[in-house]
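Asks: The structure follows.
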2 protein chains.
Amino acid sequence: MISTKGRYALRVMIDLAENEKGQPVPLKDIAERQGISKKYLEIIVKDLVDGKLVKGASGKGGGYVLLRKPEEYSIGEIVELMEGTLAPVACLQKDAEECPRYASCVTLPLWQELDQLVHDYLYQKKLSELVRKA
Amino acid sequence: MISTKGRYALRVMIDLAENEKGQPVPLKDIAERQGISKKYLEIIVKDLVDGKLVKGASGKGGGYVLLRKPEEYSIGEIVELMEGTLAPVACLQKDAEECPRYASCVTLPLWQELDQLVHDYLYQKKLSELVRKA
DNA sequence: TCTTTCTCCTATTGACATAGTAGGTTAAAG
DNA sequence: CTTTAACCTACTATGTCAATAGGAGAAAGA
């Protein structure tokens, strides 16, 4: 299940794509438009900055800006950054400890196929597809 | 992310399909074969009984039996029973409180499509496809 | 009948994640 | 040099996960 962090982050990215007119977009404005506490958004946007998806500008006239064009962001990378993983089961996570049943596991192919399905869907989908054009 | 409950339940169902020879299969045997604590499996199997996926028989010679043929169980119904939902986001759960952004939500179609994708994949897949034939 | 072998039931627990809140400090523009 | 905004550290309530513990009740075989 995708948490608020992943869902809110996506809405922030969409908001940035919709409202950035060359100028940085202040978090306060995003919080108001989206109806999400600014304090909580700070945590989320920090992750987006650390993940190199957006850039922050301090001071008056500051705010956040996208680093690429909306069509160059996949939904998958946004969500995966926030959630840590898209894997449907623990054993398919990147840092998963090796499962002793790995070689004989009957259910593994099922989870792998599901993982692939979700991954493909979310990485093929671009941010630009969710942006309401003004 | 699918929890141990869902994954273990699936393994129990597979174990039942593989080892049931007209006789009930004791939980002790399943626990040993699968390397899962019998105590924990009791919780899981109780959910399977309540969900009418298996039947329990008390007393000596007792154990658990499938109520249908393996090809008549979809993986989806097993996992969904254990997890409560397959929905990727809270607002798509059956008992979800109505979201005030429902009508205008830009991300909703994305989650709906993802939900459909996962649902279709897991419901089309049958238990019989995971059973090792002796 | 009595013992064994099972299922079935209630309660508890440690660890961790989620979804925030609170209160400040630093950076930059005007 | 004041305003505005990002940035940083810490804290906390609540809930879920993944079990464990200790039995009671049901049914079959000796």
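Following the order of the structure tokens, chains are lettered A, B, ..., residues in each are numbered from 1, and ligands are numbered from 1.
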Report chain A as a PDB file with C-alpha atoms, in the first residue's frame in the frame of chain B, after least-squares superposition over all C-alpha atoms paired in order.
Replies:
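Result file selection-v7.pdb:
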ATOM      1  CA  MET A   1       3.632  -4.787   0.424  1.00  0.00           C
ATOM      2  CA  ILE A   2       2.199  -8.231   1.027  1.00  0.00           C
ATOM      3  CA  SER A   3       2.749  -9.317   4.625  1.00  0.00           C
ATOM      4  CA  THR A   4       3.828 -12.676   5.982  1.00  0.00           C
ATOM      5  CA  LYS A   5       0.206 -13.519   6.631  1.00  0.00           C
ATOM      6  CA  GLY A   6      -0.673 -13.359   2.963  1.00  0.00           C
ATOM      7  CA  ARG A   7       2.492 -15.104   1.853  1.00  0.00           C
ATOM      8  CA  TYR A   8       2.307 -17.835   4.462  1.00  0.00           C
ATOM      9  CA  ALA A   9      -1.368 -18.423   3.741  1.00  0.00           C
ATOM     10  CA  LEU A  10      -0.543 -18.968   0.108  1.00  0.00           C
ATOM     11  CA  ARG A  11       2.154 -21.474   1.040  1.00  0.00           C
ATOM     12  CA  VAL A  12      -0.301 -23.270   3.308  1.00  0.00           C
ATOM     13  CA  MET A  13      -2.793 -23.543   0.468  1.00  0.00           C
ATOM     14  CA  ILE A  14      -0.124 -24.881  -1.860  1.00  0.00           C
ATOM     15  CA  ASP A  15       1.013 -27.330   0.809  1.00  0.00           C
ATOM     16  CA  LEU A  16      -2.554 -28.540   1.256  1.00  0.00           C
ATOM     17  CA  ALA A  17      -2.986 -28.989  -2.468  1.00  0.00           C
ATOM     18  CA  GLU A  18       0.255 -30.936  -2.683  1.00  0.00           C
ATOM     19  CA  ASN A  19      -0.173 -33.147   0.347  1.00  0.00           C
ATOM     20  CA  GLU A  20      -3.841 -33.848   0.685  1.00  0.00           C
ATOM     21  CA  LYS A  21      -4.543 -37.430  -0.328  1.00  0.00           C
ATOM     22  CA  GLY A  22      -8.146 -37.633   0.749  1.00  0.00           C
ATOM     23  CA  GLN A  23      -6.956 -37.216   4.337  1.00  0.00           C
ATOM     24  CA  PRO A  24      -6.870 -34.006   6.413  1.00  0.00           C
ATOM     25  CA  VAL A  25      -3.392 -32.522   6.678  1.00  0.00           C
ATOM     26  CA  PRO A  26      -2.278 -31.697  10.252  1.00  0.00           C
ATOM     27  CA  LEU A  27      -0.967 -28.203  10.836  1.00  0.00           C
ATOM     28  CA  LYS A  28       2.075 -29.641  12.551  1.00  0.00           C
ATOM     29  CA  ASP A  29       3.174 -31.248   9.291  1.00  0.00           C
ATOM     30  CA  ILE A  30       2.618 -28.066   7.322  1.00  0.00           C
ATOM     31  CA  ALA A  31       4.576 -26.063   9.878  1.00  0.00           C
ATOM     32  CA  GLU A  32       7.490 -28.460   9.640  1.00  0.00           C
ATOM     33  CA  ARG A  33       7.544 -28.625   5.858  1.00  0.00           C
ATOM     34  CA  GLN A  34       7.254 -24.865   5.500  1.00  0.00           C
ATOM     35  CA  GLY A  35       9.549 -23.941   8.362  1.00  0.00           C
ATOM     36  CA  ILE A  36       6.967 -21.682   9.983  1.00  0.00           C
ATOM     37  CA  SER A  37       5.950 -21.737  13.662  1.00  0.00           C
ATOM     38  CA  LYS A  38       2.806 -23.805  14.150  1.00  0.00           C
ATOM     39  CA  LYS A  39       1.482 -21.263  16.611  1.00  0.00           C
ATOM     40  CA  TYR A  40       1.643 -18.496  14.071  1.00  0.00           C
ATOM     41  CA  LEU A  41       0.109 -20.679  11.402  1.00  0.00           C
ATOM     42  CA  GLU A  42      -2.890 -21.256  13.677  1.00  0.00           C
ATOM     43  CA  ILE A  43      -3.788 -17.592  13.349  1.00  0.00           C
ATOM     44  CA  ILE A  44      -3.445 -17.727   9.595  1.00  0.00           C
ATOM     45  CA  VAL A  45      -5.392 -20.927   9.128  1.00  0.00           C
ATOM     46  CA  LYS A  46      -8.178 -19.585  11.305  1.00  0.00           C
ATOM     47  CA  ASP A  47      -8.631 -16.777   8.803  1.00  0.00           C
ATOM     48  CA  LEU A  48      -8.682 -19.297   5.985  1.00  0.00           C
ATOM     49  CA  VAL A  49     -11.384 -21.280   7.799  1.00  0.00           C
ATOM     50  CA  ASP A  50     -13.440 -18.154   8.526  1.00  0.00           C
ATOM     51  CA  GLY A  51     -13.073 -17.168   4.886  1.00  0.00           C
ATOM     52  CA  LYS A  52     -14.396 -20.553   3.810  1.00  0.00           C
ATOM     53  CA  LEU A  53     -11.268 -21.453   1.870  1.00  0.00           C
ATOM     54  CA  VAL A  54     -10.410 -24.521   3.965  1.00  0.00           C
ATOM     55  CA  LYS A  55     -12.099 -26.726   6.521  1.00  0.00           C
ATOM     56  CA  GLY A  56     -10.660 -27.922   9.837  1.00  0.00           C
ATOM     57  CA  ALA A  57     -11.243 -31.348  11.363  1.00  0.00           C
ATOM     58  CA  SER A  58     -10.587 -31.741  15.075  1.00  0.00           C
ATOM     59  CA  GLY A  59      -9.328 -34.793  16.884  1.00  0.00           C
ATOM     60  CA  LYS A  60      -7.061 -37.628  16.007  1.00  0.00           C
ATOM     61  CA  GLY A  61      -6.637 -38.027  12.282  1.00  0.00           C
ATOM     62  CA  GLY A  62      -7.734 -34.401  11.955  1.00  0.00           C
ATOM     63  CA  GLY A  63      -6.189 -31.521  10.092  1.00  0.00           C
ATOM     64  CA  TYR A  64      -7.162 -29.210   7.295  1.00  0.00           C
ATOM     65  CA  VAL A  65      -8.602 -29.854   3.844  1.00  0.00           C
ATOM     66  CA  LEU A  66      -9.286 -27.698   0.821  1.00  0.00           C
ATOM     67  CA  LEU A  67     -12.945 -27.087   0.075  1.00  0.00           C
ATOM     68  CA  ARG A  68     -12.461 -26.887  -3.680  1.00  0.00           C
ATOM     69  CA  LYS A  69     -10.141 -28.111  -6.358  1.00  0.00           C
ATOM     70  CA  PRO A  70      -6.868 -26.142  -6.666  1.00  0.00           C
ATOM     71  CA  GLU A  71      -7.859 -24.780 -10.070  1.00  0.00           C
ATOM     72  CA  GLU A  72     -10.932 -23.242  -8.474  1.00  0.00           C
ATOM     73  CA  TYR A  73      -8.948 -20.975  -6.153  1.00  0.00           C
ATOM     74  CA  SER A  74      -7.510 -17.738  -7.480  1.00  0.00           C
ATOM     75  CA  ILE A  75      -4.363 -16.401  -5.868  1.00  0.00           C
ATOM     76  CA  GLY A  76      -6.129 -13.067  -5.608  1.00  0.00           C
ATOM     77  CA  GLU A  77      -8.879 -14.277  -3.325  1.00  0.00           C
ATOM     78  CA  ILE A  78      -6.397 -15.954  -1.001  1.00  0.00           C
ATOM     79  CA  VAL A  79      -4.177 -12.921  -0.728  1.00  0.00           C
ATOM     80  CA  GLU A  80      -7.055 -10.486  -0.534  1.00  0.00           C
ATOM     81  CA  LEU A  81      -8.667 -12.446   2.275  1.00  0.00           C
ATOM     82  CA  MET A  82      -5.500 -12.277   4.334  1.00  0.00           C
ATOM     83  CA  GLU A  83      -4.480  -8.723   3.561  1.00  0.00           C
ATOM     84  CA  GLY A  84      -7.953  -7.248   3.774  1.00  0.00           C
ATOM     85  CA  THR A  85      -7.447  -5.467   0.481  1.00  0.00           C
ATOM     86  CA  LEU A  86      -5.335  -5.468  -2.670  1.00  0.00           C
ATOM     87  CA  ALA A  87      -5.829  -1.744  -3.233  1.00  0.00           C
ATOM     88  CA  PRO A  88      -2.609   0.202  -3.774  1.00  0.00           C
ATOM     89  CA  VAL A  89      -3.968   3.311  -2.042  1.00  0.00           C
ATOM     90  CA  ALA A  90      -6.264   3.824   0.946  1.00  0.00           C
ATOM     91  CA  CYS A  91      -8.966   5.668  -0.984  1.00  0.00           C
ATOM     92  CA  LEU A  92      -9.639   2.610  -3.158  1.00  0.00           C
ATOM     93  CA  GLN A  93     -10.372   0.299  -0.233  1.00  0.00           C
ATOM     94  CA  LYS A  94     -13.861  -1.023   0.061  1.00  0.00           C
ATOM     95  CA  ASP A  95     -14.615   0.708   3.351  1.00  0.00           C
ATOM     96  CA  ALA A  96     -12.760   3.900   2.482  1.00  0.00           C
ATOM     97  CA  GLU A  97     -14.272   7.114   3.725  1.00  0.00           C
ATOM     98  CA  GLU A  98     -15.219   9.314   0.836  1.00  0.00           C
ATOM     99  CA  CYS A  99     -12.384  11.544  -0.260  1.00  0.00           C
ATOM    100  CA  PRO A 100     -13.329  15.222  -0.641  1.00  0.00           C
ATOM    101  CA  ARG A 101     -11.006  15.395  -3.634  1.00  0.00           C
ATOM    102  CA  TYR A 102     -12.620  12.423  -5.305  1.00  0.00           C
ATOM    103  CA  ALA A 103     -14.144  14.276  -8.246  1.00  0.00           C
ATOM    104  CA  SER A 104     -11.131  16.471  -8.964  1.00  0.00           C
ATOM    105  CA  CYS A 105      -8.291  14.133  -8.049  1.00  0.00           C
ATOM    106  CA  VAL A 106      -5.743  13.984 -10.855  1.00  0.00           C
ATOM    107  CA  THR A 107      -4.013  10.903  -9.515  1.00  0.00           C
ATOM    108  CA  LEU A 108      -7.120   8.783  -8.963  1.00  0.00           C
ATOM    109  CA  PRO A 109      -7.275   7.326 -12.495  1.00  0.00           C
ATOM    110  CA  LEU A 110      -3.649   6.275 -12.130  1.00  0.00           C
ATOM    111  CA  TRP A 111      -4.328   4.342  -8.926  1.00  0.00           C
ATOM    112  CA  GLN A 112      -7.508   2.859 -10.332  1.00  0.00           C
ATOM    113  CA  GLU A 113      -5.687   1.562 -13.372  1.00  0.00           C
ATOM    114  CA  LEU A 114      -2.893   0.119 -11.234  1.00  0.00           C
ATOM    115  CA  ASP A 115      -5.459  -1.488  -8.949  1.00  0.00           C
ATOM    116  CA  GLN A 116      -7.167  -3.083 -11.911  1.00  0.00           C
ATOM    117  CA  LEU A 117      -3.880  -4.372 -13.247  1.00  0.00           C
ATOM    118  CA  VAL A 118      -2.901  -6.058 -10.000  1.00  0.00           C
ATOM    119  CA  HIS A 119      -6.381  -7.376  -9.382  1.00  0.00           C
ATOM    120  CA  ASP A 120      -6.648  -8.921 -12.822  1.00  0.00           C
ATOM    121  CA  TYR A 121      -3.246 -10.519 -12.599  1.00  0.00           C
ATOM    122  CA  LEU A 122      -3.833 -12.116  -9.205  1.00  0.00           C
ATOM    123  CA  TYR A 123      -7.388 -13.267  -9.898  1.00  0.00           C
ATOM    124  CA  GLN A 124      -6.516 -14.827 -13.223  1.00  0.00           C
ATOM    125  CA  LYS A 125      -3.730 -16.827 -11.581  1.00  0.00           C
ATOM    126  CA  LYS A 126      -4.957 -20.056 -10.016  1.00  0.00           C
ATOM    127  CA  LEU A 127      -3.646 -22.078  -7.090  1.00  0.00           C
ATOM    128  CA  SER A 128      -3.205 -25.064  -9.373  1.00  0.00           C
ATOM    129  CA  GLU A 129      -0.557 -23.154 -11.308  1.00  0.00           C
ATOM    130  CA  LEU A 130       1.687 -23.059  -8.253  1.00  0.00           C
ATOM    131  CA  VAL A 131       1.337 -26.673  -7.235  1.00  0.00           C
ATOM    132  CA  ARG A 132       4.244 -29.000  -7.902  1.00  0.00           C
ATOM    133  CA  LYS A 133       2.737 -32.170  -9.233  1.00  0.00           C
ATOM    134  CA  ALA A 134       4.133 -35.241  -7.511  1.00  0.00           C
TER     135      ALA A 134
END
Asks: Could you pull out the residues in range 64-103 of chain A that DSSP calls helix (DSSP H, G or I) from the backbone, as a list in words?
Replies: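 Filtering range 64-103 of chain A to helix (DSSP H, G or I) leaves Pro70, Glu71, Glu72, Ile75, Gly76, Glu77, Ile78, Val79, Glu80, Leu81, Met82, Glu83, Ala90, Cys91 and Leu92 of chain A.
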Asks: Give me the residues within 10 Å of DC16 in chain C as number ranges by chain, counting only C-alpha atoms (C1' of nucleotides) and dropping any in the same chain fewer than 2 places off.
Replies: C: 14, 18; D: 16-17
Asks: Keeping only C-alpha atoms (C1' of nucleotides), write those residues as a PDB file, in the first residue's frame.
Replies:
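Below is the file selection30.pdb, written as the result:
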ATOM      1  C1'  DG C  14       8.484  -6.249  21.201  1.00  0.00           C
ATOM      2  C1'  DT C  18       3.222   5.853   9.756  1.00  0.00           C
TER       3       DT C  18
ATOM      4  C1'  DT D  16       0.288  -2.712  12.434  1.00  0.00           C
ATOM      5  C1'  DC D  17       3.282  -6.697  12.081  1.00  0.00           C
TER       6       DC D  17
END
Asks: I need the contact residues of chain C against chain B, so if you could list those with any atom within 12 Å, counting only C-alpha atoms (C1' of nucleotides), and return them as a PyMOL selection string, that would help.
Replies: chain C and resi 3-10
Asks: Taking the DSSP secondary structure from the backbone, can you list the residues of chain A that are strand (DSSP E or B), as a ChimeraX atom specification?
Replies: /A:25,54-57,63-66,74,126
Asks: With 8 Å as the limit and counting only C-alpha atoms (C1' of nucleotides), what residues in chain D lie close to chain A? Please list them as a list in words.
Replies: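 Residues passing the distance filter: DT3, DT4, DA5 and DA6 of chain D.
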